[in-house]
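K.L.:
I have a structure I would like to understand better, so I am pasting it below and will then ask my questions one at a time.
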Amino acid sequence: MRVLQYLPVALQSIAAHKLRAILTMLGIIIGVTAVLTTMGIGQGAAANITQRIESQGTNLLVIYPGAASTGGVRGQMGSSSTLTMGDVTDLQNASLHPAVALIAPEYSANAQLAVGDTNTNNSIVGTTAEYASIRNLTIAAGRFLTADDVKQQSRVAVLGSELAGDLFSSRDPVGQAVRINGEPFEVIGVLKSVGGFGPNNPDTQAFVPIPVAQGRLFNASRYRGEYTVTGISIGAASSDRTNAAKLEIEATLRLRHGLRADQDNDFRIFDQASLLETAADVSQVLTIFLGAIGAVSLVVGGIGIMNIMLVSVTERTREIGLRKAVGAQDSDILFQFLVEALLLCFLGGIVGVGLAYAVAFLFSRIPASTFNVVITPDSLLLALGFSLLSGVIFGIYPALRATQLDPIQALRSE
Amino acid sequence: MIPQTGDGVPAPVVQIENVTKVYQMGTVQVHALRGISLTVQAGEYLAIMGASGSGKSTLMHLIGLLDRPTSGTYRIQGTETGQLSRSRLAHVRNREIGFVFQQFNLLPRVSALRQVELPLFYAGITGRRSREMAEEALAVVGLADRTRHRPDEMSGGQQQRVAIARALVNRPSLLLADEPTGALDSRTGAEVLDLLDRLRAQGLTIIMVTHDPNVARRAERVVTLSDGRIVADRRNGEPASSEGAEVKA
């Protein structure tokens, strides 16, 4: 290809003005680095959120009580307490709910935990043995709650890893006593760290048998004679049957709660799939937004290239005149300057990619960072493609200017 | 460097008839050439003299195909140039004409060999053949041992010889030298003029523009311009009228 023959000429010219070439490339370098790192941050954050949601199990459905509407005033979500242990019992009817595999009611509230003179205030989750497998919780030491614990209302507790660390520091908590709202409980197990976030992070929760939470600890309210629950976790039979499970649950609960066709549900069902979708949407918008900011700096870098190439054409009018005198065609001059601009952009792009990887590496070394900068082949191609494109767009005008030069004027210029 | 000496009746290398050149400088028309006719045969060594503003540079640019006449015809090697496209003109410049400039016009920070290879690059000759031709041209100008040197490592005389090698490398039919000794001291200038003499002796056609009578004396024929017209056309050491030289204007 003839264009390739201009590469040595372009390399020579760049090598002859090293500092200027580096300063010119700086715009592209920063642009490419910006695009790659900002998009990498977007994608890293998205991957992190997705992974955390998936870590809670994609089969998971959670039923929360709906908002109470008393006298036309719609209360806060969860303020109506019509979700009860009776609902749970009905949902356990497997023949009516073939898509539901596991059910765990929960009653959670905040309480004070104390070991010796160490105090914390954390979320206490009263639940059953199934909770661990529905929520993908694994035991690091000891055991989780069993059906016996629940039936006998044992005063036992399983601690999230962070909570265990807070209360017992380096000691082994299993078999030790912990006071919850002043009541003594025996620690029977500690969970593995989930790395979750937010107020419902299992790492900071304590788990006790649900009747203990509803009765002795929090004195839960009753509805139609049944203890209310703050939520019901459902494990669907498989991840593609979550929708079926949702419909089955909805039918049962509406019937039980005596809702007419024109009445809204007094409960809400959340599933991980829709949460994942939302997270994916948000992170896509985030990635595009961040990438656009990076792209702006690429355009600015391209304008820098154009600026320097114009200066370079002016500076080299004599050279251009000479080249024309010894027989260079217009296309020869055009390609020479275009290839030079492209090469500058390409080299800048390569350095920018290297720099972006360096930033990603540094990011991964920050101990507190919860996610990584993820550089995908897509964003690599995008960034390099964009830098080459800006080389063409911003290189073509100076190159055309060079071909338009009158060789006589060019040779005369000092 | 053996030029194409024709067999039978060779066409003149340069055949200019009634050429004018008018520049538009703002609202003023400048008549740089007011009707020039000039024929240069193969193997001639011609000097164009004249004061500044006489039109000698304009004539040089027309002969070098860097500019087009306002009227009149110009044939090089028998080819009419008036209808040639920009691209064809570049091609003819590349194959038929070798330029030597007062300021050498070498590329900065580029080795002598690469300087000389430049016209070959535009002729589509690359690789080993290009290097061999460039080395040969550098040997002709006596710089076989300076192929790797860059302009800032050479004297003015050496730089001008590199420029001459660059002009010769494509074996042109015409060497155009614009004040080739203008930027040199008398000793290195003499070196360059000796080289032109040697090339002339080998049969190359040379047209040189100069304002220095001592330099013009080296040529066999001197054309003097004044105010856009040829006012004298004589042969050094010969009677004024001879074949191949006509004054029509």
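If you're wondering about the labels, chains in the structure tokens are A, B, ... by order shown, residues count from 1 in each chain, ligands from 1 in order shown.
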Considering only C-alpha atoms, extract the chain A residues located within 7 Å of chain B and return them as a list in words.

P.N.:
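Residues satisfying the distance criterion: Ala16, Glu319, Leu322, Lys324, Ala325, Val326, Gly327, Ala328, Gln329, Pro407 and Ile408 of chain A.
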
K.L.:
Excluding same-chain residues fewer than 2 positions from B:Ala11, what lies within 9 Å of it counting only C-alpha atoms, as JSON, numbers by chain?

P.N.:
{"B": [6, 9, 13, 14, 15, 41, 42, 76, 77, 78]}

K.L.:
Hey, what's within 10 Å of stretch 302-305 of chain A if we count only C-alpha atoms and toss same-chain stuff fewer than 4 positions away? As number ranges by chain, please?

P.N.:
A: 21, 23-28, 31, 296-298, 309-311, 341-342, 344-345, 386-395, 398

K.L.:
Give me a file of those residues, with N, CA and C atoms, as a compact mmCIF listing (two decimals), in the first residue's frame.

P.N.:
# COMPACT_ATOMS: atom_id res chain seq x y z
N ALA A 21 6.08 16.79 19.39
CA ALA A 21 5.21 15.63 19.13
C ALA A 21 4.56 15.16 20.42
N LEU A 23 4.01 16.89 23.18
CA LEU A 23 3.03 17.87 23.64
C LEU A 23 1.76 17.79 22.80
N THR A 24 1.95 17.55 21.50
CA THR A 24 0.79 17.41 20.62
C THR A 24 -0.04 16.20 21.01
N MET A 25 0.68 15.11 21.27
CA MET A 25 -0.01 13.86 21.59
C MET A 25 -0.70 13.92 22.94
N LEU A 26 -0.24 14.83 23.79
CA LEU A 26 -0.76 14.89 25.15
C LEU A 26 -2.29 14.96 25.17
N GLY A 27 -2.84 15.77 24.26
CA GLY A 27 -4.30 15.90 24.20
C GLY A 27 -4.96 14.56 23.94
N ILE A 28 -4.39 13.82 22.96
CA ILE A 28 -4.96 12.51 22.63
C ILE A 28 -4.71 11.53 23.76
N GLY A 31 -7.12 12.27 26.38
CA GLY A 31 -8.45 11.90 25.90
C GLY A 31 -8.69 10.41 25.98
N VAL A 296 -15.22 14.15 24.90
CA VAL A 296 -15.01 15.60 24.75
C VAL A 296 -13.51 15.91 24.81
N SER A 297 -12.82 15.27 25.75
CA SER A 297 -11.39 15.55 25.84
C SER A 297 -10.66 15.01 24.62
N LEU A 298 -11.19 13.94 24.01
CA LEU A 298 -10.58 13.45 22.77
C LEU A 298 -10.72 14.47 21.65
N MET A 309 -0.50 20.73 13.61
CA MET A 309 -0.25 20.37 12.21
C MET A 309 -0.27 21.62 11.32
N LEU A 310 -1.17 22.56 11.64
CA LEU A 310 -1.20 23.81 10.87
C LEU A 310 0.11 24.57 11.04
N VAL A 311 0.59 24.62 12.29
CA VAL A 311 1.87 25.28 12.55
C VAL A 311 2.97 24.57 11.78
N ALA A 341 -0.38 13.12 10.98
CA ALA A 341 -1.42 13.39 11.99
C ALA A 341 -1.97 12.08 12.55
N LEU A 342 -2.18 11.11 11.66
CA LEU A 342 -2.70 9.81 12.10
C LEU A 342 -1.72 9.12 13.03
N LEU A 344 0.56 10.52 14.89
CA LEU A 344 0.55 11.22 16.18
C LEU A 344 -0.61 10.72 17.04
N CYS A 345 -1.79 10.63 16.40
CA CYS A 345 -2.99 10.19 17.13
C CYS A 345 -2.84 8.75 17.57
N PHE A 386 -11.69 6.24 17.94
CA PHE A 386 -12.01 7.66 18.06
C PHE A 386 -10.76 8.51 17.87
N SER A 387 -9.63 8.06 18.43
CA SER A 387 -8.42 8.87 18.31
C SER A 387 -7.95 8.89 16.85
N LEU A 388 -8.05 7.74 16.16
CA LEU A 388 -7.67 7.72 14.75
C LEU A 388 -8.61 8.59 13.93
N LEU A 389 -9.90 8.51 14.27
CA LEU A 389 -10.89 9.31 13.55
C LEU A 389 -10.58 10.80 13.72
N SER A 390 -10.24 11.19 14.95
CA SER A 390 -9.94 12.61 15.15
C SER A 390 -8.66 12.97 14.41
N GLY A 391 -7.75 11.99 14.26
CA GLY A 391 -6.56 12.23 13.44
C GLY A 391 -6.92 12.55 12.01
N VAL A 392 -7.86 11.78 11.45
CA VAL A 392 -8.29 12.02 10.06
C VAL A 392 -9.02 13.35 9.96
N ILE A 393 -10.00 13.54 10.87
CA ILE A 393 -10.83 14.74 10.79
C ILE A 393 -9.99 16.00 10.96
N PHE A 394 -9.12 15.98 11.97
CA PHE A 394 -8.37 17.20 12.27
C PHE A 394 -7.06 17.27 11.50
N GLY A 395 -6.68 16.17 10.83
CA GLY A 395 -5.45 16.19 10.05
C GLY A 395 -5.70 16.60 8.60
N PRO A 398 -5.18 20.67 7.70
CA PRO A 398 -3.79 21.09 7.50
C PRO A 398 -3.16 20.44 6.27

K.L.:
Got a sec: who's within 12 Å of B:Ser186, counting only C-alpha atoms, leaving out chain neighbours fewer than 6 positions off, as a PDB file with C-alpha atoms, in the first residue's frame?

P.N.:
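The new file part24.pdb reads:
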ATOM      1  CA  GLY B 156      28.002  24.687   2.400  1.00  0.00           C
ATOM      2  CA  GLY B 157      29.845  23.382  -0.654  1.00  0.00           C
ATOM      3  CA  PRO B 180      23.934  27.910  -7.142  1.00  0.00           C
ATOM      4  CA  VAL B 192      30.434  23.713  -7.325  1.00  0.00           C
ATOM      5  CA  LEU B 193      31.142  25.458 -10.645  1.00  0.00           C
ATOM      6  CA  ASP B 194      33.877  22.918 -11.416  1.00  0.00           C
ATOM      7  CA  ASP B 212      27.427  37.392 -11.127  1.00  0.00           C
ATOM      8  CA  ASN B 214      32.229  35.831 -13.146  1.00  0.00           C
ATOM      9  CA  VAL B 215      29.922  32.890 -12.652  1.00  0.00           C
TER      10      VAL B 215
END

K.L.:
Excluding A:Leu11 and residues on its chain fewer than 4 positions from it, collect all residues at most 12 Å away from it, counting only C-alpha atoms, and give them as number ranges by chain.

P.N.:
A: 4-7, 15-18, 21, 336-337, 339-344, 346-347; B: 110

K.L.:
Excluding stretch 48-51 of chain A and any residue of its chain fewer than 6 positions from it, enumerate the residues within 12 Å of it, using only C-alpha atoms, and give them as a ChimeraX atom specification.

P.N.:
/A:40-42,57-58,194-198,272-283,369-374

K.L.:
What parts of stretch 60-141 of chain B does DSSP call alpha helix (DSSP H)? I'd like the answer as an mmCIF file with N, CA and C atoms, in the first residue's frame.

P.N.:
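Result file states_35.cif:
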data_model
loop_
_atom_site.group_PDB
_atom_site.id
_atom_site.type_symbol
_atom_site.label_atom_id
_atom_site.label_comp_id
_atom_site.auth_asym_id
_atom_site.auth_seq_id
_atom_site.Cartn_x
_atom_site.Cartn_y
_atom_site.Cartn_z
ATOM 1 N N MET B 60 12.915 31.357 -14.958
ATOM 2 C CA MET B 60 13.421 30.113 -14.370
ATOM 3 C C MET B 60 12.257 29.241 -13.878
ATOM 4 N N HIS B 61 11.306 29.886 -13.192
ATOM 5 C CA HIS B 61 10.167 29.123 -12.663
ATOM 6 C C HIS B 61 9.307 28.544 -13.786
ATOM 7 N N LEU B 62 9.189 29.325 -14.890
ATOM 8 C CA LEU B 62 8.423 28.816 -16.032
ATOM 9 C C LEU B 62 9.128 27.610 -16.642
ATOM 10 N N ILE B 63 10.463 27.754 -16.826
ATOM 11 C CA ILE B 63 11.221 26.642 -17.410
ATOM 12 C C ILE B 63 11.129 25.416 -16.502
ATOM 13 N N ARG B 86 -1.952 19.467 -13.369
ATOM 14 C CA ARG B 86 -1.039 19.637 -12.231
ATOM 15 C C ARG B 86 -0.234 18.373 -11.984
ATOM 16 N N SER B 87 -0.948 17.260 -12.076
ATOM 17 C CA SER B 87 -0.311 15.981 -11.795
ATOM 18 C C SER B 87 0.748 15.640 -12.853
ATOM 19 N N ARG B 88 0.435 15.920 -14.146
ATOM 20 C CA ARG B 88 1.401 15.660 -15.212
ATOM 21 C C ARG B 88 2.623 16.563 -15.051
ATOM 22 N N LEU B 89 2.355 17.833 -14.679
ATOM 23 C CA LEU B 89 3.464 18.768 -14.486
ATOM 24 C C LEU B 89 4.406 18.248 -13.401
ATOM 25 N N ALA B 90 3.804 17.748 -12.299
ATOM 26 C CA ALA B 90 4.636 17.197 -11.226
ATOM 27 C C ALA B 90 5.464 16.035 -11.759
ATOM 28 N N HIS B 91 4.849 15.226 -12.621
ATOM 29 C CA HIS B 91 5.542 14.083 -13.200
ATOM 30 C C HIS B 91 6.720 14.541 -14.066
ATOM 31 N N VAL B 92 6.475 15.564 -14.913
ATOM 32 C CA VAL B 92 7.547 16.056 -15.789
ATOM 33 C C VAL B 92 8.678 16.668 -14.954
ATOM 34 N N ARG B 93 8.310 17.441 -13.917
ATOM 35 C CA ARG B 93 9.337 17.997 -13.022
ATOM 36 C C ARG B 93 10.197 16.893 -12.450
ATOM 37 N N ASN B 94 9.525 15.806 -12.075
ATOM 38 C CA ASN B 94 10.229 14.700 -11.442
ATOM 39 C C ASN B 94 11.205 14.025 -12.406
ATOM 40 N N ARG B 95 10.774 13.837 -13.703
ATOM 41 C CA ARG B 95 11.578 13.034 -14.622
ATOM 42 C C ARG B 95 12.545 13.847 -15.463
ATOM 43 N N GLU B 96 12.158 15.087 -15.799
ATOM 44 C CA GLU B 96 12.932 15.809 -16.803
ATOM 45 C C GLU B 96 13.796 16.925 -16.230
ATOM 46 N N ALA B 112 22.387 12.497 3.822
ATOM 47 C CA ALA B 112 22.613 12.849 2.421
ATOM 48 C C ALA B 112 21.957 11.820 1.508
ATOM 49 N N LEU B 113 22.102 10.547 1.870
ATOM 50 C CA LEU B 113 21.548 9.490 1.034
ATOM 51 C C LEU B 113 20.040 9.674 0.881
ATOM 52 N N ARG B 114 19.362 9.955 2.023
ATOM 53 C CA ARG B 114 17.901 10.103 1.986
ATOM 54 C C ARG B 114 17.494 11.359 1.210
ATOM 55 N N GLN B 115 18.308 12.409 1.302
ATOM 56 C CA GLN B 115 18.021 13.621 0.528
ATOM 57 C C GLN B 115 17.977 13.279 -0.956
ATOM 58 N N VAL B 116 18.975 12.502 -1.371
ATOM 59 C CA VAL B 116 19.113 12.207 -2.790
ATOM 60 C C VAL B 116 18.020 11.234 -3.233
ATOM 61 N N GLU B 117 17.551 10.416 -2.305
ATOM 62 C CA GLU B 117 16.512 9.444 -2.643
ATOM 63 C C GLU B 117 15.140 10.081 -2.844
ATOM 64 N N LEU B 118 14.998 11.349 -2.387
ATOM 65 C CA LEU B 118 13.673 11.989 -2.387
ATOM 66 C C LEU B 118 12.980 11.975 -3.760
ATOM 67 N N PRO B 119 13.652 12.432 -4.845
ATOM 68 C CA PRO B 119 12.966 12.409 -6.147
ATOM 69 C C PRO B 119 12.626 10.989 -6.584
ATOM 70 N N LEU B 120 13.450 10.016 -6.170
ATOM 71 C CA LEU B 120 13.189 8.622 -6.542
ATOM 72 C C LEU B 120 11.922 8.130 -5.868
ATOM 73 N N PHE B 121 11.719 8.576 -4.609
ATOM 74 C CA PHE B 121 10.507 8.200 -3.877
ATOM 75 C C PHE B 121 9.278 8.632 -4.649
ATOM 76 N N TYR B 122 9.320 9.876 -5.164
ATOM 77 C CA TYR B 122 8.155 10.374 -5.895
ATOM 78 C C TYR B 122 8.068 9.773 -7.289
ATOM 79 N N GLY B 127 13.559 1.074 -2.125
ATOM 80 C CA GLY B 127 14.365 -0.072 -1.728
ATOM 81 C C GLY B 127 15.792 -0.004 -2.215
ATOM 82 N N ARG B 128 16.320 -1.174 -2.626
ATOM 83 C CA ARG B 128 17.736 -1.268 -2.948
ATOM 84 C C ARG B 128 18.089 -0.452 -4.179
ATOM 85 N N ARG B 129 17.199 -0.510 -5.173
ATOM 86 C CA ARG B 129 17.475 0.215 -6.417
ATOM 87 C C ARG B 129 17.591 1.708 -6.139
ATOM 88 N N SER B 130 16.708 2.207 -5.284
ATOM 89 C CA SER B 130 16.751 3.611 -4.919
ATOM 90 C C SER B 130 18.077 3.946 -4.242
ATOM 91 N N ARG B 131 18.505 3.078 -3.328
ATOM 92 C CA ARG B 131 19.735 3.358 -2.599
ATOM 93 C C ARG B 131 20.932 3.347 -3.548
ATOM 94 N N GLU B 132 20.946 2.381 -4.442
ATOM 95 C CA GLU B 132 22.070 2.285 -5.377
ATOM 96 C C GLU B 132 22.146 3.512 -6.275
ATOM 97 N N MET B 133 20.983 3.952 -6.777
ATOM 98 C CA MET B 133 20.975 5.128 -7.651
ATOM 99 C C MET B 133 21.444 6.366 -6.890
ATOM 100 N N ALA B 134 21.002 6.493 -5.621
ATOM 101 C CA ALA B 134 21.388 7.651 -4.817
ATOM 102 C C ALA B 134 22.885 7.627 -4.531
ATOM 103 N N GLU B 135 23.395 6.424 -4.234
ATOM 104 C CA GLU B 135 24.830 6.311 -3.958
ATOM 105 C C GLU B 135 25.643 6.685 -5.195
ATOM 106 N N GLU B 136 25.140 6.253 -6.348
ATOM 107 C CA GLU B 136 25.824 6.551 -7.603
ATOM 108 C C GLU B 136 25.868 8.067 -7.828
ATOM 109 N N ALA B 137 24.723 8.730 -7.603
ATOM 110 C CA ALA B 137 24.659 10.178 -7.811
ATOM 111 C C ALA B 137 25.594 10.897 -6.836
ATOM 112 N N LEU B 138 25.647 10.406 -5.594
ATOM 113 C CA LEU B 138 26.543 11.030 -4.616
ATOM 114 C C LEU B 138 28.001 10.815 -5.024
ATOM 115 N N ALA B 139 28.296 9.666 -5.631
ATOM 116 C CA ALA B 139 29.655 9.412 -6.105
ATOM 117 C C ALA B 139 30.018 10.387 -7.223
ATOM 118 N N VAL B 140 29.068 10.680 -8.092
ATOM 119 C CA VAL B 140 29.313 11.608 -9.199
ATOM 120 C C VAL B 140 29.723 12.977 -8.664
#

K.L.:
One decimal, in Å: what's the spacing between atom CA of A:Ile14 and atom CA of A:Gly385?

P.N.:
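According to the coordinates, atom CA of A:Ile14 and atom CA of A:Gly385 are separated by 21.1 Å.
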
K.L.:
Mind pulling up the distance from atom CA of A:Leu411 to atom CA of B:Gly72?

P.N.:
24.9 Å
